[in-house]
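Coordinates from protein.csv are shown below (CSV, C-alpha atoms).
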chain,number,residue,atom,x,y,z
A,5,MET,CA,-9.8,28.2,-0.2
A,6,LEU,CA,-9.3,26.0,-3.2
A,7,ARG,CA,-8.9,27.5,-6.7
A,8,ALA,CA,-8.5,25.7,-10.0
A,9,GLU,CA,-6.9,27.7,-12.8
A,10,SER,CA,-7.4,26.3,-16.3
A,11,LEU,CA,-6.8,22.7,-15.3
A,12,THR,CA,-6.2,20.3,-18.2
A,13,ALA,CA,-5.8,16.6,-18.1
A,14,ILE,CA,-4.7,14.2,-20.9
A,15,ARG,CA,-5.0,10.5,-20.3
A,16,GLY,CA,-3.2,8.4,-22.9
A,17,GLU,CA,-3.7,10.3,-26.1
A,18,ARG,CA,-7.1,11.6,-25.2
A,19,LEU,CA,-7.9,15.1,-23.9
A,20,VAL,CA,-10.2,14.4,-20.9
A,21,PHE,CA,-11.0,18.0,-20.0
A,22,GLN,CA,-9.4,21.4,-20.5
A,23,ASP,CA,-9.6,24.9,-18.9
A,24,VAL,CA,-11.5,23.9,-15.8
A,25,ASN,CA,-11.8,27.0,-13.5
A,26,PHE,CA,-13.5,27.3,-10.2
A,27,ALA,CA,-13.0,28.7,-6.7
A,28,LEU,CA,-14.3,27.1,-3.6
A,29,ARG,CA,-14.5,28.9,-0.3
A,30,GLU,CA,-14.6,27.5,3.3
A,31,GLY,CA,-18.0,25.9,3.7
A,32,GLY,CA,-18.6,25.7,0.0
A,33,ALA,CA,-19.7,22.8,-2.1
A,34,LEU,CA,-19.2,22.0,-5.8
A,35,ILE,CA,-21.1,19.4,-7.7
A,36,LEU,CA,-19.4,18.0,-10.9
A,37,SER,CA,-21.9,16.9,-13.5
A,38,GLY,CA,-21.4,15.6,-17.0
A,39,ARG,CA,-21.8,12.5,-19.1
A,40,ASN,CA,-20.0,9.2,-18.4
A,41,GLY,CA,-16.4,9.6,-19.4
A,42,SER,CA,-16.4,13.4,-19.2
A,43,GLY,CA,-13.6,13.4,-16.7
A,44,LYS,CA,-15.3,13.8,-13.3
A,45,SER,CA,-13.3,11.1,-11.6
A,46,THR,CA,-10.1,12.3,-13.2
A,47,LEU,CA,-10.8,15.8,-12.0
A,48,LEU,CA,-11.3,14.5,-8.5
A,49,ARG,CA,-8.0,12.6,-8.7
A,50,VAL,CA,-6.3,15.8,-9.9
A,51,LEU,CA,-7.8,17.7,-7.0
A,52,ALA,CA,-6.5,15.0,-4.6
A,53,GLY,CA,-3.0,15.4,-6.0
A,54,LEU,CA,-2.9,11.7,-7.2
A,55,VAL,CA,-2.8,12.7,-10.9
A,56,ARG,CA,-0.7,15.6,-12.1
A,57,PRO,CA,-2.6,18.1,-14.3
A,58,ASP,CA,-1.1,18.4,-17.7
A,59,ALA,CA,-1.7,22.2,-17.7
A,60,GLY,CA,-3.0,24.7,-15.2
A,61,ARG,CA,-2.6,25.1,-11.5
A,62,LEU,CA,-4.4,24.1,-8.4
A,63,MET,CA,-4.1,26.7,-5.6
A,64,TRP,CA,-4.7,26.2,-1.9
A,65,ASN,CA,-4.9,29.5,0.0
A,66,ASP,CA,-2.9,31.2,-2.8
A,67,SER,CA,0.0,28.8,-2.8
A,68,ASP,CA,0.6,25.9,-5.2
A,69,ALA,CA,-1.3,22.9,-3.7
A,70,LEU,CA,0.6,20.3,-5.6
A,71,ALA,CA,4.1,21.5,-4.7
A,72,ASP,CA,4.1,19.0,-1.8
A,73,ARG,CA,1.7,16.2,-2.7
A,74,THR,CA,2.2,14.5,0.6
A,75,GLU,CA,1.1,17.6,2.5
A,76,HIS,CA,-1.8,18.1,0.1
A,77,GLY,CA,-2.8,14.5,0.8
A,78,SER,CA,-3.4,15.3,4.4
A,79,ARG,CA,-5.8,18.1,3.5
A,80,VAL,CA,-7.9,15.7,1.4
A,81,ALA,CA,-10.3,12.9,2.1
A,82,LEU,CA,-11.1,10.9,-1.1
A,83,LEU,CA,-14.0,8.6,-1.6
A,84,GLY,CA,-13.3,6.8,-4.9
A,85,HIS,CA,-15.1,4.3,-7.0
A,86,GLN,CA,-13.9,1.6,-4.8
A,87,ASP,CA,-14.5,1.5,-1.0
A,88,ALA,CA,-10.9,0.6,-0.1
A,89,LEU,CA,-12.0,-1.8,2.6
A,90,LYS,CA,-10.2,-5.0,3.6
A,91,PRO,CA,-12.6,-7.9,3.6
A,92,GLY,CA,-10.8,-9.7,6.3
A,93,LEU,CA,-10.9,-6.8,8.8
A,94,THR,CA,-14.0,-5.8,10.9
A,95,SER,CA,-15.6,-2.4,10.4
A,96,THR,CA,-13.8,-1.0,13.4
A,97,GLU,CA,-10.4,-2.3,12.2
A,98,ASN,CA,-11.0,-0.9,8.7
A,99,LEU,CA,-11.3,2.5,10.2
A,100,ALA,CA,-8.5,2.1,12.7
A,101,PHE,CA,-5.8,3.5,10.3
A,102,ALA,CA,-7.8,6.7,9.6
A,103,ALA,CA,-8.6,7.1,13.3
A,104,ARG,CA,-5.0,6.7,14.3
A,105,LEU,CA,-3.9,9.5,11.9
A,106,SER,CA,-6.7,11.9,12.8
A,107,GLY,CA,-7.0,11.0,16.5
A,108,ARG,CA,-10.8,11.0,16.3
A,109,PRO,CA,-13.1,8.3,17.9
A,110,ILE,CA,-14.2,5.4,15.7
A,111,GLY,CA,-17.5,4.8,17.6
A,112,ALA,CA,-18.9,8.3,16.8
A,113,ALA,CA,-18.1,7.9,13.1
A,114,LEU,CA,-19.8,4.5,12.9
A,115,ALA,CA,-22.8,5.9,14.8
A,116,ASP,CA,-23.1,8.8,12.3
A,117,LEU,CA,-23.7,6.3,9.5
A,118,ASP,CA,-25.8,3.9,11.6
A,119,LEU,CA,-23.1,1.2,11.5
A,120,SER,CA,-22.7,0.7,15.3
A,121,VAL,CA,-24.3,-2.7,15.2
A,122,LEU,CA,-22.0,-3.9,12.5
A,123,ALA,CA,-18.8,-2.7,14.2
A,124,ASP,CA,-17.4,-6.1,14.8
A,125,LEU,CA,-18.5,-7.7,11.6
A,126,PRO,CA,-15.9,-8.5,8.9
A,127,ALA,CA,-16.3,-6.2,6.0
A,128,ARG,CA,-16.8,-9.1,3.6
A,129,MET,CA,-20.1,-9.8,5.3
A,130,LEU,CA,-21.4,-6.2,4.6
A,131,SER,CA,-23.8,-5.4,1.7
A,132,ALA,CA,-22.7,-3.0,-1.0
A,133,GLY,CA,-24.6,-0.1,0.6
A,134,GLN,CA,-23.1,-0.9,4.0
A,135,LYS,CA,-19.6,-1.0,2.6
A,136,ARG,CA,-20.3,2.4,1.0
A,137,ARG,CA,-21.4,3.8,4.4
A,138,LEU,CA,-18.3,2.4,6.0
A,139,ALA,CA,-16.2,4.2,3.4
A,140,LEU,CA,-18.1,7.4,4.1
A,141,ALA,CA,-17.4,6.8,7.8
A,142,ARG,CA,-13.7,6.9,7.0
A,143,ILE,CA,-14.2,10.2,5.3
A,144,SER,CA,-16.0,11.7,8.3
A,145,LEU,CA,-13.2,10.4,10.5
A,146,SER,CA,-10.4,11.9,8.5
A,147,GLY,CA,-10.5,15.5,9.8
A,148,ALA,CA,-9.4,16.7,6.3
A,149,PRO,CA,-10.9,20.0,5.3
A,150,LEU,CA,-11.5,19.0,1.6
A,151,TRP,CA,-13.8,16.1,0.9
A,152,LEU,CA,-13.7,14.7,-2.6
A,153,LEU,CA,-16.6,12.3,-3.2
A,154,ASP,CA,-17.0,10.2,-6.3
A,155,GLU,CA,-20.7,9.0,-6.5
A,156,PRO,CA,-21.1,9.0,-2.7
A,157,THR,CA,-24.7,7.8,-3.0
A,158,LEU,CA,-23.8,4.6,-4.9
A,159,GLY,CA,-25.9,1.8,-3.3
A,160,LEU,CA,-27.2,3.9,-0.5
A,161,ASP,CA,-30.9,3.7,0.6
A,162,ASP,CA,-33.0,6.8,1.4
A,163,PRO,CA,-32.3,6.9,5.2
A,164,ALA,CA,-28.6,6.6,4.5
A,165,VAL,CA,-28.7,9.4,1.9
A,166,ASP,CA,-30.4,11.6,4.7
A,167,ARG,CA,-27.6,10.7,7.1
A,168,LEU,CA,-25.0,11.6,4.4
A,169,GLY,CA,-26.8,14.9,3.9
A,170,SER,CA,-26.5,15.8,7.6
A,171,LEU,CA,-22.9,14.7,7.6
A,172,LEU,CA,-22.1,17.0,4.6
A,173,ALA,CA,-24.0,19.9,6.2
A,174,ARG,CA,-22.0,19.4,9.4
A,175,HIS,CA,-18.7,19.4,7.5
A,176,ARG,CA,-19.6,22.6,5.6
A,177,HIS,CA,-20.8,24.2,8.8
A,178,GLY,CA,-17.4,23.6,10.3
A,179,GLY,CA,-15.7,25.3,7.4
A,180,GLY,CA,-15.0,22.2,5.3
A,181,MET,CA,-15.2,22.1,1.5
A,182,ILE,CA,-16.9,19.4,-0.6
A,183,VAL,CA,-16.4,18.5,-4.3
A,184,THR,CA,-18.5,15.7,-5.5
A,185,ALA,CA,-19.3,14.0,-8.7
A,186,THR,CA,-22.8,12.6,-9.0
A,187,HIS,CA,-25.7,11.8,-11.3
A,188,LEU,CA,-28.3,12.0,-8.6
A,189,THR,CA,-29.6,14.9,-6.6
A,190,LEU,CA,-27.6,15.2,-3.4
A,191,PRO,CA,-28.8,16.9,-0.2
A,192,LEU,CA,-26.4,19.8,-0.7
A,193,PRO,CA,-28.2,23.2,-0.5
A,194,ASP,CA,-26.8,26.1,-2.4
A,195,ALA,CA,-24.0,24.1,-4.0
A,196,GLU,CA,-22.5,25.3,-7.3
A,197,THR,CA,-22.5,23.1,-10.3
A,198,LEU,CA,-19.6,22.6,-12.7
A,199,ARG,CA,-20.6,20.9,-15.9
A,200,LEU,CA,-17.9,19.0,-17.7
A,201,SER,CA,-18.4,18.3,-21.3
A,202,ALA,CA,-16.5,15.5,-23.1
A,203,ALA,CA,-13.7,17.3,-24.9
B,11,MET,CA,6.2,8.6,12.9
B,12,THR,CA,2.5,8.0,13.9
B,13,GLY,CA,1.8,7.3,10.2
B,14,PHE,CA,4.7,4.8,9.9
B,15,HIS,CA,3.4,2.9,13.0
B,16,ALA,CA,-0.2,3.1,11.8
B,17,ILE,CA,0.7,1.5,8.4
B,18,LEU,CA,3.0,-1.1,10.1
B,19,SER,CA,0.3,-2.2,12.6
B,20,ARG,CA,-2.3,-2.3,9.8
B,21,GLU,CA,0.0,-4.5,7.7
B,22,LEU,CA,0.7,-6.8,10.6
B,23,ARG,CA,-3.0,-7.1,11.5
B,24,LEU,CA,-3.8,-8.0,7.9
B,25,SER,CA,-1.1,-10.7,7.9
B,26,VAL,CA,-2.6,-12.2,11.0
B,27,ARG,CA,-6.1,-12.2,9.4
B,28,HIS,CA,-4.7,-13.7,6.2
B,29,GLY,CA,-2.8,-16.4,8.0
B,30,ALA,CA,-2.8,-18.8,5.1
B,31,ASP,CA,-1.0,-16.3,2.9
B,32,THR,CA,1.5,-15.6,5.6
B,33,LEU,CA,2.3,-19.2,6.3
B,34,ALA,CA,2.5,-20.1,2.6
B,35,ALA,CA,6.0,-18.6,2.3
B,36,LEU,CA,7.3,-20.6,5.3
B,37,LEU,CA,5.7,-23.9,4.2
B,38,PHE,CA,7.0,-23.3,0.6
B,39,PHE,CA,10.5,-22.9,2.1
B,40,LEU,CA,10.3,-26.1,4.2
B,41,LEU,CA,8.9,-28.0,1.2
B,42,ILE,CA,11.6,-26.9,-1.4
B,43,VAL,CA,14.5,-27.6,0.9
B,44,SER,CA,13.0,-31.0,1.8
B,45,LEU,CA,12.9,-31.9,-2.0
B,46,PHE,CA,16.7,-31.6,-2.4
B,47,PRO,CA,17.6,-34.8,-0.5
B,48,PHE,CA,15.2,-36.7,-2.7
B,49,ALA,CA,16.6,-35.2,-5.9
B,50,ILE,CA,20.4,-35.3,-5.2
B,51,GLY,CA,20.5,-38.3,-2.8
B,52,PRO,CA,20.9,-38.4,0.9
B,53,ALA,CA,24.7,-38.7,1.0
B,54,PRO,CA,25.7,-36.5,3.9
B,55,GLU,CA,28.9,-35.2,2.4
B,56,THR,CA,27.2,-34.0,-0.8
B,57,LEU,CA,24.2,-32.5,1.0
B,58,GLY,CA,26.2,-30.9,3.7
B,59,ARG,CA,28.4,-29.1,1.2
B,60,MET,CA,25.5,-27.9,-0.8
B,61,ALA,CA,23.3,-26.9,2.2
B,62,PRO,CA,24.1,-23.2,2.4
B,63,GLY,CA,23.3,-22.8,-1.3
B,64,ILE,CA,20.1,-24.8,-1.1
B,65,ILE,CA,18.9,-22.8,1.9
B,66,TRP,CA,19.7,-19.5,0.3
B,67,VAL,CA,18.1,-20.2,-3.0
B,68,SER,CA,15.0,-21.6,-1.4
B,69,ALA,CA,14.7,-18.6,1.0
B,70,LEU,CA,15.1,-16.3,-1.9
B,71,LEU,CA,12.3,-17.9,-3.9
B,72,SER,CA,10.0,-18.2,-0.8
B,73,ALA,CA,10.4,-14.5,0.1
B,74,PHE,CA,9.1,-13.7,-3.4
B,75,LEU,CA,5.9,-15.7,-3.0
B,76,SER,CA,3.9,-13.0,-1.3
B,77,LEU,CA,5.5,-10.0,-2.9
B,78,ASP,CA,3.1,-9.3,-5.7
B,79,ARG,CA,0.2,-9.0,-3.2
B,80,LEU,CA,2.2,-6.5,-1.1
B,81,PHE,CA,1.0,-3.5,-3.2
B,82,GLY,CA,-1.2,-5.4,-5.6
B,83,ALA,CA,-4.1,-6.0,-3.2
B,84,ASP,CA,-4.0,-2.3,-2.1
B,85,PHE,CA,-3.9,-1.2,-5.7
B,86,GLU,CA,-6.9,-3.3,-6.7
B,87,ASP,CA,-9.2,-2.3,-3.8
B,88,GLY,CA,-8.3,1.4,-3.8
B,89,SER,CA,-6.4,1.3,-0.5
B,90,LEU,CA,-3.2,2.5,-2.2
B,91,ASP,CA,-4.9,5.9,-3.0
B,92,GLN,CA,-5.9,6.1,0.7
B,93,LEU,CA,-2.3,5.4,1.8
B,94,LEU,CA,-0.9,8.0,-0.6
B,95,LEU,CA,-3.4,10.6,0.8
B,96,SER,CA,-2.7,9.8,4.4
B,97,GLY,CA,-0.1,12.5,4.7
B,98,VAL,CA,2.6,9.9,5.3
B,99,PRO,CA,5.5,10.5,2.8
B,100,GLY,CA,5.8,7.8,0.1
B,101,ILE,CA,9.2,6.7,1.5
B,102,GLY,CA,7.5,6.1,4.9
B,103,ILE,CA,4.8,4.0,3.3
B,104,ALA,CA,7.4,1.9,1.5
B,105,ALA,CA,9.6,1.6,4.6
B,106,ALA,CA,6.6,0.4,6.7
B,107,LYS,CA,5.6,-2.1,4.0
B,108,THR,CA,9.2,-3.4,3.8
B,109,LEU,CA,9.5,-3.8,7.6
B,110,ALA,CA,6.1,-5.6,7.7
B,111,HIS,CA,7.3,-8.0,4.9
B,112,TRP,CA,10.5,-8.6,6.7
B,113,ILE,CA,8.8,-9.4,10.0
B,114,VAL,CA,6.2,-11.6,8.4
B,115,THR,CA,8.4,-13.4,5.9
B,116,GLY,CA,12.1,-12.7,6.5
B,117,VAL,CA,12.2,-13.5,10.2
B,118,PRO,CA,10.3,-16.9,10.0
B,119,LEU,CA,12.5,-18.0,7.1
B,120,LEU,CA,15.6,-17.0,9.2
B,121,LEU,CA,14.4,-19.1,12.1
B,122,ALA,CA,13.3,-22.1,9.9
B,123,ALA,CA,16.8,-22.1,8.3
B,124,VAL,CA,18.3,-23.6,11.5
B,125,PRO,CA,16.4,-26.9,11.6
B,126,LEU,CA,16.7,-27.2,7.8
B,127,ALA,CA,20.5,-26.7,7.9
B,128,VAL,CA,20.7,-29.4,10.6
B,129,MET,CA,18.5,-31.7,8.4
B,130,LEU,CA,20.8,-31.2,5.4
B,131,ARG,CA,23.8,-32.0,7.7
B,132,MET,CA,25.5,-28.7,7.1
B,133,PRO,CA,28.8,-28.5,9.1
B,134,MET,CA,28.0,-26.9,12.5
B,135,GLU,CA,30.8,-24.4,12.2
B,136,ALA,CA,29.0,-22.8,9.2
B,137,MET,CA,25.8,-22.2,11.2
B,138,PRO,CA,26.7,-18.8,12.7
B,139,ALA,CA,27.9,-17.5,9.3
B,140,LEU,CA,24.8,-18.8,7.6
B,141,LEU,CA,22.5,-17.0,10.1
B,142,ALA,CA,24.7,-13.9,10.2
B,143,GLY,CA,24.4,-13.8,6.4
B,144,LEU,CA,20.7,-14.5,6.3
B,145,LEU,CA,20.0,-11.6,8.8
B,146,PRO,CA,21.0,-8.8,6.4
B,147,GLY,CA,20.2,-11.0,3.5
B,148,SER,CA,16.5,-11.4,4.3
B,149,ALA,CA,16.3,-7.7,5.0
B,150,LEU,CA,17.8,-7.0,1.5
B,151,LEU,CA,15.3,-9.4,-0.1
B,152,SER,CA,12.5,-7.4,1.6
B,153,LEU,CA,14.0,-4.1,0.5
B,154,PHE,CA,14.6,-5.1,-3.2
B,155,GLY,CA,11.3,-7.0,-3.2
B,156,THR,CA,9.3,-4.0,-2.0
B,157,ALA,CA,10.9,-1.7,-4.6
B,158,GLY,CA,10.2,-4.3,-7.3
B,159,ALA,CA,6.6,-4.8,-6.1
B,160,ALA,CA,6.0,-1.1,-6.2
B,161,ILE,CA,7.4,-0.9,-9.8
B,162,VAL,CA,5.2,-3.7,-11.2
B,163,VAL,CA,2.1,-2.7,-9.3
B,164,GLY,CA,-0.8,-2.2,-11.8
B,165,ALA,CA,1.0,-4.1,-14.6
B,166,ARG,CA,-0.7,-7.1,-16.1
B,167,ARG,CA,1.0,-10.3,-15.0
B,168,ALA,CA,2.8,-8.5,-12.2
B,169,GLY,CA,3.5,-11.8,-10.4
B,170,MET,CA,5.5,-13.0,-13.4
B,171,LEU,CA,7.3,-9.7,-14.0
B,172,LEU,CA,8.4,-9.3,-10.4
B,173,PRO,CA,10.9,-12.2,-10.2
B,174,LEU,CA,12.3,-11.3,-13.6
B,175,LEU,CA,13.0,-7.8,-12.4
B,176,VAL,CA,14.2,-8.5,-8.9
B,177,LEU,CA,16.1,-11.8,-9.1
B,178,PRO,CA,19.0,-10.4,-11.0
B,179,LEU,CA,19.2,-7.5,-8.5
B,180,VAL,CA,19.5,-9.9,-5.5
B,181,THR,CA,22.1,-12.2,-7.1
B,182,PRO,CA,25.0,-10.4,-5.3
B,183,VAL,CA,23.2,-11.0,-2.0
B,184,LEU,CA,23.0,-14.7,-2.8
B,185,ILE,CA,26.7,-14.8,-3.8
B,186,PHE,CA,28.0,-13.2,-0.7
B,187,GLY,CA,25.5,-15.0,1.6
B,188,VAL,CA,26.5,-18.4,0.4
B,189,ALA,CA,30.2,-17.5,0.3
B,190,ALA,CA,30.1,-16.5,3.9
B,191,ALA,CA,28.7,-19.9,5.0
B,192,ASP,CA,31.0,-21.8,2.6
B,193,ALA,CA,34.0,-19.9,4.0
B,194,ALA,CA,33.1,-20.8,7.6
B,195,ALA,CA,32.6,-24.4,6.6
B,196,THR,CA,36.1,-24.7,5.2
B,197,GLY,CA,37.7,-22.9,8.1
B,198,GLN,CA,38.2,-19.5,6.5
B,199,SER,CA,36.9,-16.2,7.9
B,200,PRO,CA,33.3,-15.3,6.7
B,201,ARG,CA,34.0,-11.7,7.7
B,202,PRO,CA,34.7,-10.0,4.3
B,203,HIS,CA,31.5,-11.6,2.8
B,204,LEU,CA,29.4,-10.4,5.7
B,205,LEU,CA,30.8,-6.9,5.5
B,206,LEU,CA,29.9,-6.8,1.8
B,207,LEU,CA,26.4,-7.8,2.7
B,208,ALA,CA,26.2,-5.1,5.3
B,209,ALA,CA,27.5,-2.6,2.8
B,210,LEU,CA,24.7,-3.7,0.4
B,211,LEU,CA,22.2,-3.2,3.2
B,212,ALA,CA,23.5,0.2,4.0
B,213,ALA,CA,23.0,1.3,0.4
B,214,ALA,CA,19.6,-0.4,-0.1
B,215,LEU,CA,18.1,0.9,3.2
B,216,PRO,CA,17.6,4.5,1.9
B,217,LEU,CA,17.5,3.8,-1.9
B,218,CYS,CA,14.9,1.0,-2.1
B,219,PRO,CA,12.1,2.8,-0.2
B,220,LEU,CA,12.9,5.9,-2.2
B,221,ALA,CA,12.6,4.0,-5.5
B,222,ALA,CA,9.4,2.4,-4.2
B,223,SER,CA,7.8,5.7,-3.3
B,224,VAL,CA,8.4,7.2,-6.7
B,225,ALA,CA,7.0,4.0,-8.3
B,226,LEU,CA,3.9,4.1,-6.1
B,227,ARG,CA,3.2,7.7,-7.1
B,228,GLY,CA,3.5,6.7,-10.7
B,229,ALA,CA,1.2,3.7,-10.2
B,230,SER,CA,-1.6,5.8,-8.8
B,231,GLU,CA,-1.7,8.2,-11.7
What would the structure in this file look like if it were written as structure tokens?
Amino acid sequence: MLRAESLTAIRGERLVFQDVNFALREGGALILSGRNGSGKSTLLRVLAGLVRPDAGRLMWNDSDALADRTEHGSRVALLGHQDALKPGLTSTENLAFAARLSGRPIGAALADLDLSVLADLPARMLSAGQKRRLALARISLSGAPLWLLDEPTLGLDDPAVDRLGSLLARHRHGGGMIVTATHLTLPLPDAETLRLSAA
Amino acid sequence: MTGFHAILSRELRLSVRHGADTLAALLFFLLIVSLFPFAIGPAPETLGRMAPGIIWVSALLSAFLSLDRLFGADFEDGSLDQLLLSGVPGIGIAAAKTLAHWIVTGVPLLLAAVPLAVMLRMPMEAMPALLAGLLPGSALLSLFGTAGAAIVVGARRAGMLLPLLVLPLVTPVLIFGVAAADAAATGQSPRPHLLLLAALLAAALPLCPLAASVALRGASE
């Protein structure tokens, strides 16, 4: 269970958001909405433990999640703006690091996102949508209970969005949690929505 | 430990794929050292006396060539966030990066120093002391370099900032490294200088990855 208690973030001299409260149970999903620059990405980075909140607390099963940020990192899989792929490595090699840490098979993760035929292709040859799918394959490979997805549908075609939907459903069914920032409708049934307004 | 090995093997694989970047430091080293005979003349007595200094300064500059990409590339493409969220402690990430840099840059420079010293007509009795100094010396360059690279990551003109930050820190390494080879060349014992290098290594081994891990956390904020 993930609970945010009046989280506040200040970047530079600007108040990005304040008093963000929510609770997310096992199997739950939360959609962050709001205008550009309303702090969705910053909130995701706070939830990942990469950025320290300037006020408020983040609780994981009733203990302070950010007390040990290394441990919190292993509970989190983050899909950021960037796909974090190395252009010189093949699809399989790009996933090797995540696979080694989680001990899960790479082939299944590639198949989930319809990337099996591209397994041995260097990432620099992939299209933007294919790169996004490869980054999503890393998320599904991670085994982390909390998925933080920043615009996961960026560049995806319709069949890929459907695959993403079944991936998200499977993760929630297994007790996983999802927090995602998006402007489009995501295949996430009965997800709560948190609206961030520019402070 | 799995995480440490995973990062190390990822780094080494990337170095193999980007072979040109990897070889650049070695070729740069060979090239700078080869320039000295042209600049100061081929007289064996002058060159031989200056050889340890030439090799040390050139090795130091070459080791810095690839440092700004050590974390810079990961920072730009978002991989740094993934590393920090991998569950591997920051000190483990920094230590794995340091070891990878040493294997890819330090060891080749160490090996290339032998033919270059011969080329510069360095007295043969100084060779063991030169190599015994370069062994901890190259590791120290990787350690200080990794810490410096982690501190400047995300800064504009990081490549310029890095040598300004780290070169003063590694000056003691240079002094004792050259002194060890010089002592051996003049028939004295290089032992005190090598021991001082080993002491520096013992201090830098835990402290530099620690500094780097704090800097990396700061860079990702």
Distance-based interface of chain A with chain B, 10 Å, counting all atoms listed in the file, as a VMD selection string: chain A and resid 15 46 49 to 50 52 to 56 72 to 93 97 to 98 100 to 106 146 148
Nearby residues (all atoms listed in the file) at most 6 Å from Ile182 (chain A), same-chain spacing under 3 positions excluded, as a ChimeraX atom specification: /A:33,150-151
Nearest to Ser67 (chain A), chosen from A:Asp161, A:Leu153, A:Leu6, A:Gly32, with only C-alpha atoms counted in the distances: A:Leu6
For the atom pair CA of Leu177 (chain B) and CA of Asp192 (chain B), what is the interatomic distance in Å to one decimal place?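 Atom-to-atom, CA of Leu177 (chain B) and CA of Asp192 (chain B) are spaced 21.4 Å apart.
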Contacts of region 105-111 of chain B at 8 Å or less, counting all atoms listed in the file, minus same-chain residues fewer than 3 places along, as a list in words? Phe14, His15, Ile17, Leu18, Glu21, Leu22, Leu80, Ile101, Gly102, Val114, Thr115, Gly116, Ser152, Leu153, Thr156 and Pro219 of chain B
Give me, please, the distance in Å between CA of Ala185 (chain A) and CA of Ala112 (chain A), quoted to one decimal.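 Answer for the CA of Ala185 (chain A) to CA of Ala112 (chain A) separation: 26.1 Å.
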Do you know which residues are at most 10 Å from region 39-47 of chain B counting only C-alpha atoms, after dropping those on the same chain fewer than 6 positions away, and could you put them as JSON, numbers by chain? {"B": [33, 53, 54, 56, 57, 60, 61, 64, 65, 66, 67, 68, 69, 70, 71, 72, 73, 75, 118, 119, 122, 123, 125, 126, 127, 129, 130]}
Write the residues of the selection above to a file with C-alpha atoms, as a PDB file, in the frame of the given file.
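Written output follows (selection27.pdb):
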ATOM      1  CA  LEU B  33       2.300 -19.200   6.300  1.00  0.00           C
ATOM      2  CA  ALA B  53      24.700 -38.700   1.000  1.00  0.00           C
ATOM      3  CA  PRO B  54      25.700 -36.500   3.900  1.00  0.00           C
ATOM      4  CA  THR B  56      27.200 -34.000  -0.800  1.00  0.00           C
ATOM      5  CA  LEU B  57      24.200 -32.500   1.000  1.00  0.00           C
ATOM      6  CA  MET B  60      25.500 -27.900  -0.800  1.00  0.00           C
ATOM      7  CA  ALA B  61      23.300 -26.900   2.200  1.00  0.00           C
ATOM      8  CA  ILE B  64      20.100 -24.800  -1.100  1.00  0.00           C
ATOM      9  CA  ILE B  65      18.900 -22.800   1.900  1.00  0.00           C
ATOM     10  CA  TRP B  66      19.700 -19.500   0.300  1.00  0.00           C
ATOM     11  CA  VAL B  67      18.100 -20.200  -3.000  1.00  0.00           C
ATOM     12  CA  SER B  68      15.000 -21.600  -1.400  1.00  0.00           C
ATOM     13  CA  ALA B  69      14.700 -18.600   1.000  1.00  0.00           C
ATOM     14  CA  LEU B  70      15.100 -16.300  -1.900  1.00  0.00           C
ATOM     15  CA  LEU B  71      12.300 -17.900  -3.900  1.00  0.00           C
ATOM     16  CA  SER B  72      10.000 -18.200  -0.800  1.00  0.00           C
ATOM     17  CA  ALA B  73      10.400 -14.500   0.100  1.00  0.00           C
ATOM     18  CA  LEU B  75       5.900 -15.700  -3.000  1.00  0.00           C
ATOM     19  CA  PRO B 118      10.300 -16.900  10.000  1.00  0.00           C
ATOM     20  CA  LEU B 119      12.500 -18.000   7.100  1.00  0.00           C
ATOM     21  CA  ALA B 122      13.300 -22.100   9.900  1.00  0.00           C
ATOM     22  CA  ALA B 123      16.800 -22.100   8.300  1.00  0.00           C
ATOM     23  CA  PRO B 125      16.400 -26.900  11.600  1.00  0.00           C
ATOM     24  CA  LEU B 126      16.700 -27.200   7.800  1.00  0.00           C
ATOM     25  CA  ALA B 127      20.500 -26.700   7.900  1.00  0.00           C
ATOM     26  CA  MET B 129      18.500 -31.700   8.400  1.00  0.00           C
ATOM     27  CA  LEU B 130      20.800 -31.200   5.400  1.00  0.00           C
TER      28      LEU B 130
END
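For the choices B:Gly164, B:Gly158, B:Pro202, B:Gly147, the atom-to-atom distance to Pro178 (chain B) is smallest for B:Gly158 when using all atoms listed in the file.
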So that I can see what lies close to Met5 (chain A), please list as a ChimeraX atom specification the residues with an atom at most 7 Å from it, counting all atoms listed in the file and leaving out residues fewer than 6 positions away in the same chain. /A:28-30,64-65
Take the residues from that selection and write them out as a tab-separated table (two decimals), in the frame of the given file, keeping C-alpha atoms.
chain	number	residue	atom	x	y	z
A	28	LEU	CA	-14.30	27.10	-3.60
A	29	ARG	CA	-14.50	28.90	-0.30
A	30	GLU	CA	-14.60	27.50	3.30
A	64	TRP	CA	-4.70	26.20	-1.90
A	65	ASN	CA	-4.90	29.50	0.00
Could you tell me how far CA of Arg167 (chain B) lies from CA of Asp78 (chain B), in Å and to one decimal?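 Separation between CA of Arg167 (chain B) and CA of Asp78 (chain B): 9.6 Å.
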Residue among B:Leu184, B:Leu175, B:Ala191, B:Ala160 lying closest to Met137 (chain B), counting only C-alpha atoms: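 Going through B:Leu184, B:Leu175, B:Ala191, B:Ala160 one by one, the smallest distance to Met137 (chain B) is for B:Ala191.
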Residues proximal to (27.0, -8.0, -3.9) were defined as those with any atom within 12 Å of that point in the file's coordinates, counting only C-alpha atoms. Which are they, as JSON, numbers by chain? {"B": [146, 147, 150, 178, 179, 180, 181, 182, 183, 184, 185, 186, 187, 188, 189, 190, 202, 203, 204, 205, 206, 207, 208, 209, 210, 211, 212, 213, 214]}
When distances are computed from only C-alpha atoms, which of A:Ser45, A:Leu152, A:Asp162, A:Leu99 shows the smallest separation from Asp124 (chain A)?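 Counting only C-alpha atoms, the residue closest to Asp124 (chain A) is A:Leu99.
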